[in-house]
Structures are given as C-alpha cells and as structure tokens.
file coords_29.txt (compact mmCIF, N, CA and C atoms)
# COMPACT_ATOMS: atom_id res chain seq x y z
N MET A 1 152.81 -117.86 25.79
CA MET A 1 151.84 -118.78 26.33
C MET A 1 152.39 -120.20 26.29
N THR A 2 152.26 -120.90 27.37
CA THR A 2 152.84 -122.24 27.45
C THR A 2 151.93 -123.26 26.77
N ARG A 3 152.54 -124.33 26.38
CA ARG A 3 151.82 -125.41 25.71
C ARG A 3 151.04 -126.22 26.74
N VAL A 4 149.79 -126.54 26.40
CA VAL A 4 148.95 -127.31 27.31
C VAL A 4 149.04 -128.78 26.90
N ARG A 5 149.39 -129.61 27.85
CA ARG A 5 149.43 -131.05 27.59
C ARG A 5 148.08 -131.63 28.00
N ARG A 6 147.32 -132.07 26.99
CA ARG A 6 145.95 -132.50 27.24
C ARG A 6 145.86 -134.01 27.37
N GLY A 7 146.89 -134.66 27.80
CA GLY A 7 146.96 -136.10 27.77
C GLY A 7 145.84 -136.81 28.50
N TYR A 8 145.65 -136.55 29.79
CA TYR A 8 144.75 -137.34 30.60
C TYR A 8 143.29 -137.15 30.19
N THR A 9 142.85 -135.92 30.11
CA THR A 9 141.44 -135.64 29.82
C THR A 9 141.05 -136.10 28.43
N ALA A 10 141.87 -135.75 27.45
CA ALA A 10 141.57 -136.10 26.05
C ALA A 10 141.65 -137.60 25.85
N ARG A 11 142.64 -138.23 26.47
CA ARG A 11 142.79 -139.69 26.31
C ARG A 11 141.60 -140.43 26.92
N ARG A 12 141.14 -139.94 28.08
CA ARG A 12 139.99 -140.57 28.71
C ARG A 12 138.74 -140.44 27.84
N ARG A 13 138.55 -139.27 27.23
CA ARG A 13 137.39 -139.06 26.36
C ARG A 13 137.48 -139.94 25.12
N ARG A 14 138.67 -140.01 24.51
CA ARG A 14 138.83 -140.85 23.31
C ARG A 14 138.67 -142.34 23.62
N THR A 15 139.16 -142.75 24.77
CA THR A 15 139.04 -144.16 25.16
C THR A 15 137.58 -144.54 25.33
N LYS A 16 136.80 -143.63 25.91
CA LYS A 16 135.38 -143.90 26.10
C LYS A 16 134.68 -144.06 24.75
N ILE A 17 135.04 -143.21 23.80
CA ILE A 17 134.45 -143.30 22.45
C ILE A 17 134.88 -144.60 21.78
N ARG A 18 136.17 -144.93 21.90
CA ARG A 18 136.67 -146.14 21.25
C ARG A 18 136.07 -147.41 21.85
N LEU A 19 135.83 -147.43 23.14
CA LEU A 19 135.18 -148.59 23.76
C LEU A 19 133.76 -148.76 23.24
N PHE A 20 133.05 -147.66 23.07
CA PHE A 20 131.70 -147.73 22.54
C PHE A 20 131.71 -148.25 21.11
N ALA A 21 132.70 -147.77 20.32
CA ALA A 21 132.74 -148.09 18.89
C ALA A 21 133.61 -149.30 18.58
N SER A 22 133.98 -150.08 19.58
CA SER A 22 134.94 -151.16 19.36
C SER A 22 134.41 -152.26 18.46
N THR A 23 133.09 -152.43 18.40
CA THR A 23 132.52 -153.48 17.55
C THR A 23 132.19 -153.00 16.15
N PHE A 24 132.39 -151.70 15.88
CA PHE A 24 132.11 -151.19 14.55
C PHE A 24 133.20 -151.65 13.59
N ARG A 25 132.90 -151.60 12.28
CA ARG A 25 133.84 -152.12 11.29
C ARG A 25 134.72 -151.01 10.72
N GLY A 26 135.97 -151.38 10.43
CA GLY A 26 136.89 -150.50 9.71
C GLY A 26 137.27 -149.26 10.50
N ALA A 27 137.30 -148.12 9.80
CA ALA A 27 137.72 -146.86 10.41
C ALA A 27 136.74 -146.39 11.48
N HIS A 28 135.54 -146.89 11.43
CA HIS A 28 134.54 -146.46 12.41
C HIS A 28 134.90 -146.89 13.82
N SER A 29 135.80 -147.86 13.95
CA SER A 29 136.23 -148.25 15.29
C SER A 29 137.66 -147.80 15.59
N ARG A 30 138.39 -147.33 14.58
CA ARG A 30 139.81 -147.00 14.79
C ARG A 30 140.09 -145.50 14.85
N LEU A 31 139.43 -144.72 13.99
CA LEU A 31 139.70 -143.29 13.95
C LEU A 31 138.74 -142.56 14.88
N THR A 32 139.31 -141.65 15.67
CA THR A 32 138.52 -141.01 16.72
C THR A 32 137.36 -140.20 16.17
N ARG A 33 137.61 -139.41 15.14
CA ARG A 33 136.56 -138.53 14.63
C ARG A 33 135.41 -139.33 14.02
N THR A 34 135.73 -140.31 13.20
CA THR A 34 134.66 -141.12 12.58
C THR A 34 133.97 -141.99 13.63
N ALA A 35 134.72 -142.43 14.64
CA ALA A 35 134.11 -143.22 15.72
C ALA A 35 133.11 -142.37 16.49
N ALA A 36 133.45 -141.10 16.73
CA ALA A 36 132.54 -140.21 17.44
C ALA A 36 131.28 -139.96 16.62
N GLN A 37 131.46 -139.79 15.31
CA GLN A 37 130.30 -139.57 14.43
C GLN A 37 129.40 -140.80 14.42
N GLN A 38 130.00 -141.98 14.33
CA GLN A 38 129.23 -143.22 14.30
C GLN A 38 128.54 -143.47 15.64
N LYS A 39 129.19 -143.05 16.72
CA LYS A 39 128.57 -143.20 18.03
C LYS A 39 127.29 -142.37 18.11
N MET A 40 127.37 -141.11 17.65
CA MET A 40 126.18 -140.25 17.65
C MET A 40 125.10 -140.85 16.77
N ARG A 41 125.48 -141.37 15.61
CA ARG A 41 124.51 -141.95 14.70
C ARG A 41 123.86 -143.20 15.31
N ALA A 42 124.67 -144.02 15.98
CA ALA A 42 124.15 -145.23 16.61
C ALA A 42 123.16 -144.90 17.72
N LEU A 43 123.47 -143.88 18.51
CA LEU A 43 122.58 -143.50 19.60
C LEU A 43 121.26 -142.94 19.07
N VAL A 44 121.33 -142.17 17.98
CA VAL A 44 120.11 -141.65 17.37
C VAL A 44 119.25 -142.80 16.86
N SER A 45 119.91 -143.78 16.19
CA SER A 45 119.16 -144.92 15.65
C SER A 45 118.53 -145.74 16.75
N SER A 46 119.26 -145.97 17.84
CA SER A 46 118.71 -146.79 18.91
C SER A 46 117.53 -146.08 19.58
N HIS A 47 117.61 -144.78 19.73
CA HIS A 47 116.51 -144.03 20.33
C HIS A 47 115.27 -144.08 19.44
N ARG A 48 115.48 -143.90 18.13
CA ARG A 48 114.36 -143.94 17.18
C ARG A 48 113.75 -145.33 17.13
N ASP A 49 114.57 -146.36 17.13
CA ASP A 49 114.09 -147.71 16.91
C ASP A 49 113.47 -148.34 18.15
N ARG A 50 113.68 -147.74 19.32
CA ARG A 50 112.96 -148.24 20.50
C ARG A 50 111.46 -148.05 20.32
N GLY A 51 111.06 -146.91 19.79
CA GLY A 51 109.64 -146.68 19.52
C GLY A 51 109.13 -147.57 18.40
N ARG A 52 109.95 -147.75 17.37
CA ARG A 52 109.55 -148.60 16.24
C ARG A 52 109.37 -150.04 16.67
N GLN A 53 110.24 -150.50 17.57
CA GLN A 53 110.16 -151.88 18.03
C GLN A 53 108.84 -152.16 18.72
N LYS A 54 108.41 -151.22 19.56
CA LYS A 54 107.11 -151.38 20.23
C LYS A 54 105.99 -151.45 19.21
N ARG A 55 106.07 -150.59 18.18
CA ARG A 55 105.05 -150.56 17.14
C ARG A 55 105.02 -151.86 16.36
N TYR A 56 106.21 -152.36 16.00
CA TYR A 56 106.29 -153.58 15.19
C TYR A 56 105.79 -154.80 15.97
N PHE A 57 106.14 -154.86 17.25
CA PHE A 57 105.67 -156.00 18.04
C PHE A 57 104.16 -155.98 18.21
N ARG A 58 103.59 -154.79 18.39
CA ARG A 58 102.13 -154.70 18.50
C ARG A 58 101.48 -155.17 17.21
N ARG A 59 102.03 -154.78 16.05
CA ARG A 59 101.50 -155.23 14.76
C ARG A 59 101.59 -156.75 14.63
N LEU A 60 102.71 -157.32 15.09
CA LEU A 60 102.89 -158.76 15.02
C LEU A 60 101.87 -159.49 15.88
N TRP A 61 101.64 -158.99 17.11
CA TRP A 61 100.67 -159.62 18.00
C TRP A 61 99.27 -159.55 17.41
N ILE A 62 98.92 -158.40 16.85
CA ILE A 62 97.59 -158.25 16.25
C ILE A 62 97.42 -159.22 15.09
N THR A 63 98.46 -159.36 14.27
CA THR A 63 98.40 -160.28 13.13
C THR A 63 98.22 -161.72 13.60
N ARG A 64 98.94 -162.10 14.64
CA ARG A 64 98.84 -163.47 15.15
C ARG A 64 97.45 -163.76 15.72
N ILE A 65 96.92 -162.82 16.49
CA ILE A 65 95.59 -163.03 17.06
C ILE A 65 94.55 -163.10 15.95
N ASN A 66 94.66 -162.21 14.98
CA ASN A 66 93.71 -162.18 13.88
C ASN A 66 93.75 -163.46 13.06
N ALA A 67 94.95 -163.99 12.85
CA ALA A 67 95.09 -165.23 12.07
C ALA A 67 94.38 -166.39 12.76
N VAL A 68 94.52 -166.47 14.07
CA VAL A 68 93.89 -167.57 14.80
C VAL A 68 92.38 -167.37 14.90
N THR A 69 91.94 -166.12 15.13
CA THR A 69 90.51 -165.90 15.29
C THR A 69 89.74 -166.11 14.00
N ARG A 70 90.38 -165.95 12.86
CA ARG A 70 89.69 -166.13 11.59
C ARG A 70 89.63 -167.59 11.14
N GLU A 71 90.27 -168.48 11.89
CA GLU A 71 90.14 -169.89 11.56
C GLU A 71 88.73 -170.37 11.90
N ASN A 72 88.45 -171.62 11.62
CA ASN A 72 87.08 -172.12 11.64
C ASN A 72 86.38 -172.05 13.00
N LYS A 73 87.12 -172.29 14.07
CA LYS A 73 86.46 -172.45 15.36
C LYS A 73 85.97 -171.13 15.96
N VAL A 74 86.61 -170.03 15.61
CA VAL A 74 86.17 -168.73 16.08
C VAL A 74 85.56 -168.02 14.89
N LEU A 75 84.33 -167.57 15.03
CA LEU A 75 83.58 -167.12 13.86
C LEU A 75 83.61 -165.62 13.65
N TYR A 76 84.41 -164.90 14.39
CA TYR A 76 84.45 -163.46 14.18
C TYR A 76 85.89 -162.96 14.12
N SER A 77 86.05 -161.68 13.84
CA SER A 77 87.36 -161.12 13.55
C SER A 77 88.07 -160.66 14.82
N TYR A 78 89.27 -160.19 14.62
CA TYR A 78 90.10 -159.69 15.71
C TYR A 78 89.42 -158.51 16.41
N SER A 79 88.90 -157.57 15.62
CA SER A 79 88.32 -156.36 16.21
C SER A 79 87.12 -156.69 17.11
N THR A 80 86.32 -157.66 16.68
CA THR A 80 85.18 -158.06 17.50
C THR A 80 85.65 -158.73 18.79
N LEU A 81 86.68 -159.54 18.69
CA LEU A 81 87.23 -160.19 19.88
C LEU A 81 87.72 -159.16 20.90
N ILE A 82 88.50 -158.19 20.44
CA ILE A 82 89.02 -157.16 21.34
C ILE A 82 87.87 -156.33 21.92
N HIS A 83 86.88 -156.02 21.09
CA HIS A 83 85.72 -155.27 21.57
C HIS A 83 84.99 -156.04 22.68
N ASN A 84 84.80 -157.33 22.48
CA ASN A 84 84.13 -158.15 23.50
C ASN A 84 84.97 -158.27 24.77
N LEU A 85 86.30 -158.33 24.61
CA LEU A 85 87.17 -158.36 25.79
C LEU A 85 86.99 -157.09 26.62
N TYR A 86 86.94 -155.95 25.95
CA TYR A 86 86.76 -154.69 26.67
C TYR A 86 85.37 -154.59 27.30
N GLU A 87 84.36 -155.10 26.61
CA GLU A 87 83.02 -155.08 27.18
C GLU A 87 82.95 -155.88 28.47
N LYS A 88 83.63 -157.02 28.49
CA LYS A 88 83.64 -157.87 29.69
C LYS A 88 84.68 -157.44 30.70
N GLN A 89 85.36 -156.33 30.42
CA GLN A 89 86.40 -155.76 31.28
C GLN A 89 87.54 -156.74 31.55
N LEU A 90 87.87 -157.54 30.53
CA LEU A 90 89.06 -158.39 30.59
C LEU A 90 90.18 -157.62 29.89
N LEU A 91 90.87 -156.80 30.64
CA LEU A 91 91.85 -155.90 30.05
C LEU A 91 93.17 -156.64 29.84
N LEU A 92 93.20 -157.44 28.79
CA LEU A 92 94.42 -158.13 28.39
C LEU A 92 95.11 -157.31 27.32
N ASN A 93 96.41 -157.12 27.48
CA ASN A 93 97.11 -156.49 26.37
C ASN A 93 97.27 -157.50 25.25
N ARG A 94 97.70 -157.07 24.09
CA ARG A 94 97.70 -157.94 22.92
C ARG A 94 98.80 -159.00 22.97
N LYS A 95 99.77 -158.81 23.83
CA LYS A 95 100.88 -159.77 23.92
C LYS A 95 100.41 -161.12 24.46
N ILE A 96 99.59 -161.10 25.49
CA ILE A 96 99.16 -162.33 26.15
C ILE A 96 98.28 -163.18 25.23
N PRO A 97 97.22 -162.62 24.61
CA PRO A 97 96.44 -163.45 23.68
C PRO A 97 97.26 -163.95 22.48
N ALA A 98 98.26 -163.18 22.07
CA ALA A 98 99.11 -163.62 20.96
C ALA A 98 99.93 -164.83 21.37
N GLN A 99 100.45 -164.82 22.60
CA GLN A 99 101.20 -165.97 23.09
C GLN A 99 100.30 -167.18 23.26
N ILE A 100 99.08 -166.95 23.74
CA ILE A 100 98.11 -168.04 23.87
C ILE A 100 97.77 -168.60 22.49
N ALA A 101 97.63 -167.71 21.51
CA ALA A 101 97.29 -168.13 20.15
C ALA A 101 98.36 -169.03 19.55
N ILE A 102 99.61 -168.76 19.86
CA ILE A 102 100.70 -169.58 19.32
C ILE A 102 100.81 -170.89 20.08
N SER A 103 100.83 -170.81 21.41
CA SER A 103 101.11 -172.01 22.20
C SER A 103 99.91 -172.94 22.31
N ASN A 104 98.71 -172.38 22.49
CA ASN A 104 97.55 -173.22 22.73
C ASN A 104 96.32 -172.57 22.11
N LYS A 105 96.04 -172.92 20.86
CA LYS A 105 94.92 -172.32 20.14
C LYS A 105 93.58 -172.63 20.81
N ASN A 106 93.45 -173.84 21.34
CA ASN A 106 92.19 -174.23 21.96
C ASN A 106 91.83 -173.32 23.13
N CYS A 107 92.83 -172.88 23.86
CA CYS A 107 92.58 -171.99 25.00
C CYS A 107 92.01 -170.66 24.51
N LEU A 108 92.57 -170.13 23.42
CA LEU A 108 92.03 -168.88 22.87
C LEU A 108 90.62 -169.08 22.35
N TYR A 109 90.37 -170.24 21.73
CA TYR A 109 89.01 -170.54 21.27
C TYR A 109 88.04 -170.57 22.45
N MET A 110 88.45 -171.19 23.56
CA MET A 110 87.59 -171.28 24.73
C MET A 110 87.29 -169.89 25.30
N ILE A 111 88.33 -169.05 25.38
CA ILE A 111 88.13 -167.69 25.90
C ILE A 111 87.16 -166.92 25.02
N SER A 112 87.38 -166.98 23.72
CA SER A 112 86.54 -166.20 22.81
C SER A 112 85.11 -166.72 22.78
N ASN A 113 84.94 -168.04 22.80
CA ASN A 113 83.59 -168.60 22.80
C ASN A 113 82.85 -168.31 24.11
N LYS A 114 83.58 -168.32 25.21
CA LYS A 114 82.98 -168.00 26.50
C LYS A 114 82.50 -166.55 26.52
N ILE A 115 83.32 -165.65 26.01
CA ILE A 115 82.94 -164.23 25.95
C ILE A 115 81.73 -164.07 25.04
N ARG A 116 81.76 -164.77 23.93
CA ARG A 116 80.69 -164.65 22.93
C ARG A 116 79.36 -165.17 23.50
N SER A 117 79.42 -166.30 24.18
CA SER A 117 78.19 -166.86 24.74
C SER A 117 77.63 -165.98 25.86
N SER A 118 78.51 -165.38 26.66
CA SER A 118 78.03 -164.51 27.73
C SER A 118 77.47 -163.20 27.17
N ASN A 119 77.96 -162.78 25.99
CA ASN A 119 77.40 -161.58 25.35
C ASN A 119 75.99 -161.86 24.84
N LYS A 120 75.73 -163.07 24.36
CA LYS A 120 74.42 -163.42 23.83
C LYS A 120 73.37 -163.47 24.95
N GLU A 121 73.82 -163.90 26.14
CA GLU A 121 72.90 -164.01 27.27
C GLU A 121 72.43 -162.64 27.73
N ASN A 122 73.32 -161.63 27.66
CA ASN A 122 72.96 -160.30 28.15
C ASN A 122 72.15 -159.53 27.19

call {"tool": "encode", "arguments": {"input": "coords_29.txt", "output": "structure tokens"}}
result
Amino acid sequence: MTRVRRGYTARRRRTKIRLFASTFRGAHSRLTRTAAQQKMRALVSSHRDRGRQKRYFRRLWITRINAVTRENKVLYSYSTLIHNLYEKQLLLNRKIPAQIAISNKNCLYMISNKIRSSNKEN
C-alpha cells in the first residue's frame, strides 16, 4: 500500500483551526490538538453565553427602571408601572424605558404619571 500524502487537505484544516485560535494564549494557539479542543470549548461557551447575555441585560434594564420608579416622583413600583403599560397597550420592551430612565428621568416620570392619571379616570 502506498503512502498517502495528506498535505493540502490536512494543512487547510489545521490553518483554519489556527486562525480561529490565533488570539488564544500559549499552547492553545500553537499546538493543533489543543487549539482544536479550545476552539470547541470557545464555541460552546459563546453559544451558551448568548442566552445568558439576553437574560443579564433584561435583569439590568429591570433594575434600572425599578430604581428610578421607586424615587420620590413616581409613587409605585416597577411591576405596577409595567402592568399599567400593558393595560394602556403601550407595548414597550424594557430596554427603551431603561434608556429613558438613565438619560431623562423626567420623561419617565411624565409617562408614568400620565398612565397613572388616565387609569384613575377610567
């Protein structure tokens, strides 16, 4: 049986792995086997953390809105604010009110007080 020279195919596969792992430290970027293992581990982590990132940002937005709504000018909690938003069919996701809460608190106060006053009328 003749010897198979695997130069082109194997080299192309290894180069692709090394390019992916080029920013890793130490042997993780130099040795093919450890680079391949680290590549698989990195892809698993990135896939898992995409979901976590969405979760963490939602928690952050909720915390920011709650912090502003509990200050003196708005007299009720985050959950009541969101409930009133849904009752008035103002379907804002939590990102927008969180940005409003950081940049312009008075605007969030106006929105919440307007919703609250219209709820009292009905």

call {"tool": "atom_distance", "arguments": {"input": "coords_29.txt", "atom1": "CA of Tyr109 (chain A)", "atom2": "CA of Ser79 (chain A)"}}
result
15.1 Å

call {"tool": "residues_around", "arguments": {"input": "coords_29.txt", "residues": "Ile62 (chain A)", "least_positions_apart": "4", "cutoff": "7 Å", "atoms": "only N, CA and C atoms", "output": "number ranges by chain"}}
result
A: 57-58, 66-67, 94, 98

call {"tool": "atom_distance", "arguments": {"input": "coords_29.txt", "atom1": "CA of Ser29 (chain A)", "atom2": "CA of Val44 (chain A)"}}
result
17.5 Å

call {"tool": "atom_distance", "arguments": {"input": "coords_29.txt", "atom1": "CA of Arg116 (chain A)", "atom2": "CA of Glu71 (chain A)"}}
result
15.7 Å

call {"tool": "closest_residue", "arguments": {"input": "coords_29.txt", "among": "A:Leu81, A:Arg3, A:Arg13, A:Leu60", "to": "Ser112 (chain A)", "atoms": "only N, CA and C atoms"}}
result
A:Leu81

call {"tool": "axis_aligned_box", "arguments": {"input": "coords_29.txt", "around": "region 29-45 of chain A", "padding_each_side": "5 Å", "output": "lines of an AutoDock Vina configuration file"}}
result
center_x = 129.3
center_y = -143.4
center_z = 16.1
size_x = 31.6
size_y = 19.7
size_z = 17.0

call {"tool": "closest_residue", "arguments": {"input": "coords_29.txt", "among": "A:Arg70, A:Arg64, A:Arg41, A:His83", "to": "Ile115 (chain A)", "atoms": "only C-alpha atoms"}}
result
A:His83

call {"tool": "closest_residue", "arguments": {"input": "coords_29.txt", "among": "A:Leu92, A:Pro97, A:Phe20, A:Arg14", "to": "Thr32 (chain A)", "atoms": "only C-alpha atoms"}}
result
A:Arg14

call {"tool": "select_by_dssp", "arguments": {"input": "coords_29.txt", "residues": "region 67-115 of chain A", "states": "helix (DSSP H, G or I)", "output": "PyMOL selection string"}}
result
chain A and resi 67-69+78-87+95-103+105-115

call {"tool": "decode", "arguments": {"input": "coords_29.txt", "residues": "region 15-26 of chain A", "atoms": "all heavy atoms", "output": "PDB file, in the first residue's frame"}}
result
ATOM      1  N   THR A  15      -4.844  25.043   9.309  1.00  0.00           N
ATOM      2  CA  THR A  15      -4.734  26.502   9.181  1.00  0.00           C
ATOM      3  C   THR A  15      -6.012  27.179   9.641  1.00  0.00           C
ATOM      4  O   THR A  15      -5.975  28.209  10.314  1.00  0.00           O
ATOM      5  CB  THR A  15      -4.445  26.886   7.714  1.00  0.00           C
ATOM      6  OG1 THR A  15      -3.291  26.184   7.270  1.00  0.00           O
ATOM      7  CG2 THR A  15      -4.197  28.375   7.580  1.00  0.00           C
ATOM      8  N   LYS A  16      -7.152  26.571   9.292  1.00  0.00           N
ATOM      9  CA  LYS A  16      -8.427  27.133   9.707  1.00  0.00           C
ATOM     10  C   LYS A  16      -8.553  27.135  11.232  1.00  0.00           C
ATOM     11  O   LYS A  16      -8.993  28.120  11.832  1.00  0.00           O
ATOM     12  CB  LYS A  16      -9.564  26.313   9.090  1.00  0.00           C
ATOM     13  CG  LYS A  16     -10.874  27.068   9.016  1.00  0.00           C
ATOM     14  CD  LYS A  16     -12.036  26.183   8.613  1.00  0.00           C
ATOM     15  CE  LYS A  16     -11.901  25.596   7.225  1.00  0.00           C
ATOM     16  NZ  LYS A  16     -13.121  24.869   6.811  1.00  0.00           N
ATOM     17  N   ILE A  17      -8.111  26.053  11.853  1.00  0.00           N
ATOM     18  CA  ILE A  17      -8.152  25.969  13.321  1.00  0.00           C
ATOM     19  C   ILE A  17      -7.200  26.988  13.932  1.00  0.00           C
ATOM     20  O   ILE A  17      -7.536  27.677  14.897  1.00  0.00           O
ATOM     21  CB  ILE A  17      -7.812  24.538  13.797  1.00  0.00           C
ATOM     22  CG1 ILE A  17      -8.938  23.582  13.420  1.00  0.00           C
ATOM     23  CG2 ILE A  17      -7.577  24.501  15.298  1.00  0.00           C
ATOM     24  CD1 ILE A  17      -8.611  22.123  13.627  1.00  0.00           C
ATOM     25  N   ARG A  18      -5.997  27.090  13.360  1.00  0.00           N
ATOM     26  CA  ARG A  18      -5.008  28.023  13.919  1.00  0.00           C
ATOM     27  C   ARG A  18      -5.444  29.480  13.763  1.00  0.00           C
ATOM     28  O   ARG A  18      -5.167  30.306  14.629  1.00  0.00           O
ATOM     29  CB  ARG A  18      -3.656  27.822  13.251  1.00  0.00           C
ATOM     30  CG  ARG A  18      -2.946  26.592  13.756  1.00  0.00           C
ATOM     31  CD  ARG A  18      -1.443  26.769  13.749  1.00  0.00           C
ATOM     32  NE  ARG A  18      -0.813  25.572  14.267  1.00  0.00           N
ATOM     33  CZ  ARG A  18      -0.314  24.598  13.498  1.00  0.00           C
ATOM     34  NH1 ARG A  18      -0.383  24.702  12.195  1.00  0.00           N
ATOM     35  NH2 ARG A  18       0.236  23.546  14.050  1.00  0.00           N
ATOM     36  N   LEU A  19      -6.102  29.814  12.675  1.00  0.00           N
ATOM     37  CA  LEU A  19      -6.606  31.176  12.505  1.00  0.00           C
ATOM     38  C   LEU A  19      -7.664  31.504  13.548  1.00  0.00           C
ATOM     39  O   LEU A  19      -7.686  32.610  14.086  1.00  0.00           O
ATOM     40  CB  LEU A  19      -7.192  31.362  11.098  1.00  0.00           C
ATOM     41  CG  LEU A  19      -6.175  31.569   9.987  1.00  0.00           C
ATOM     42  CD1 LEU A  19      -6.868  31.557   8.634  1.00  0.00           C
ATOM     43  CD2 LEU A  19      -5.427  32.866  10.184  1.00  0.00           C
ATOM     44  N   PHE A  20      -8.528  30.543  13.840  1.00  0.00           N
ATOM     45  CA  PHE A  20      -9.548  30.753  14.863  1.00  0.00           C
ATOM     46  C   PHE A  20      -8.903  30.950  16.227  1.00  0.00           C
ATOM     47  O   PHE A  20      -9.312  31.814  17.007  1.00  0.00           O
ATOM     48  CB  PHE A  20     -10.500  29.557  14.904  1.00  0.00           C
ATOM     49  CG  PHE A  20     -11.644  29.727  15.852  1.00  0.00           C
ATOM     50  CD1 PHE A  20     -12.826  30.312  15.427  1.00  0.00           C
ATOM     51  CD2 PHE A  20     -11.543  29.315  17.170  1.00  0.00           C
ATOM     52  CE1 PHE A  20     -13.882  30.480  16.297  1.00  0.00           C
ATOM     53  CE2 PHE A  20     -12.605  29.480  18.045  1.00  0.00           C
ATOM     54  CZ  PHE A  20     -13.770  30.060  17.610  1.00  0.00           C
ATOM     55  N   ALA A  21      -7.862  30.138  16.504  1.00  0.00           N
ATOM     56  CA  ALA A  21      -7.247  30.137  17.838  1.00  0.00           C
ATOM     57  C   ALA A  21      -6.045  31.069  17.932  1.00  0.00           C
ATOM     58  O   ALA A  21      -5.300  31.009  18.911  1.00  0.00           O
ATOM     59  CB  ALA A  21      -6.829  28.719  18.198  1.00  0.00           C
ATOM     60  N   SER A  22      -5.868  31.955  16.972  1.00  0.00           N
ATOM     61  CA  SER A  22      -4.647  32.763  16.940  1.00  0.00           C
ATOM     62  C   SER A  22      -4.534  33.734  18.109  1.00  0.00           C
ATOM     63  O   SER A  22      -3.438  34.120  18.491  1.00  0.00           O
ATOM     64  CB  SER A  22      -4.565  33.543  15.626  1.00  0.00           C
ATOM     65  OG  SER A  22      -5.656  34.424  15.523  1.00  0.00           O
ATOM     66  N   THR A  23      -5.667  34.126  18.695  1.00  0.00           N
ATOM     67  CA  THR A  23      -5.615  35.067  19.814  1.00  0.00           C
ATOM     68  C   THR A  23      -5.555  34.377  21.165  1.00  0.00           C
ATOM     69  O   THR A  23      -5.483  35.057  22.191  1.00  0.00           O
ATOM     70  CB  THR A  23      -6.853  35.982  19.788  1.00  0.00           C
ATOM     71  OG1 THR A  23      -8.023  35.169  19.839  1.00  0.00           O
ATOM     72  CG2 THR A  23      -6.866  36.830  18.525  1.00  0.00           C
ATOM     73  N   PHE A  24      -5.609  33.035  21.176  1.00  0.00           N
ATOM     74  CA  PHE A  24      -5.522  32.310  22.434  1.00  0.00           C
ATOM     75  C   PHE A  24      -4.087  32.347  22.945  1.00  0.00           C
ATOM     76  O   PHE A  24      -3.157  32.597  22.188  1.00  0.00           O
ATOM     77  CB  PHE A  24      -5.976  30.861  22.267  1.00  0.00           C
ATOM     78  CG  PHE A  24      -7.410  30.700  21.852  1.00  0.00           C
ATOM     79  CD1 PHE A  24      -7.882  29.482  21.409  1.00  0.00           C
ATOM     80  CD2 PHE A  24      -8.310  31.754  21.900  1.00  0.00           C
ATOM     81  CE1 PHE A  24      -9.201  29.321  21.026  1.00  0.00           C
ATOM     82  CE2 PHE A  24      -9.630  31.601  21.523  1.00  0.00           C
ATOM     83  CZ  PHE A  24     -10.069  30.377  21.083  1.00  0.00           C
ATOM     84  N   ARG A  25      -3.919  32.082  24.251  1.00  0.00           N
ATOM     85  CA  ARG A  25      -2.593  32.192  24.858  1.00  0.00           C
ATOM     86  C   ARG A  25      -1.880  30.848  24.898  1.00  0.00           C
ATOM     87  O   ARG A  25      -2.494  29.810  25.086  1.00  0.00           O
ATOM     88  CB  ARG A  25      -2.719  32.723  26.284  1.00  0.00           C
ATOM     89  CG  ARG A  25      -3.244  34.135  26.334  1.00  0.00           C
ATOM     90  CD  ARG A  25      -3.337  34.632  27.730  1.00  0.00           C
ATOM     91  NE  ARG A  25      -2.007  34.782  28.322  1.00  0.00           N
ATOM     92  CZ  ARG A  25      -1.779  35.087  29.589  1.00  0.00           C
ATOM     93  NH1 ARG A  25      -2.790  35.251  30.402  1.00  0.00           N
ATOM     94  NH2 ARG A  25      -0.553  35.217  30.041  1.00  0.00           N
ATOM     95  N   GLY A  26      -0.561  30.905  24.731  1.00  0.00           N
ATOM     96  CA  GLY A  26       0.296  29.730  24.923  1.00  0.00           C
ATOM     97  C   GLY A  26       0.052  28.638  23.899  1.00  0.00           C
ATOM     98  O   GLY A  26      -0.128  28.885  22.708  1.00  0.00           O
TER      99      GLY A  26
END
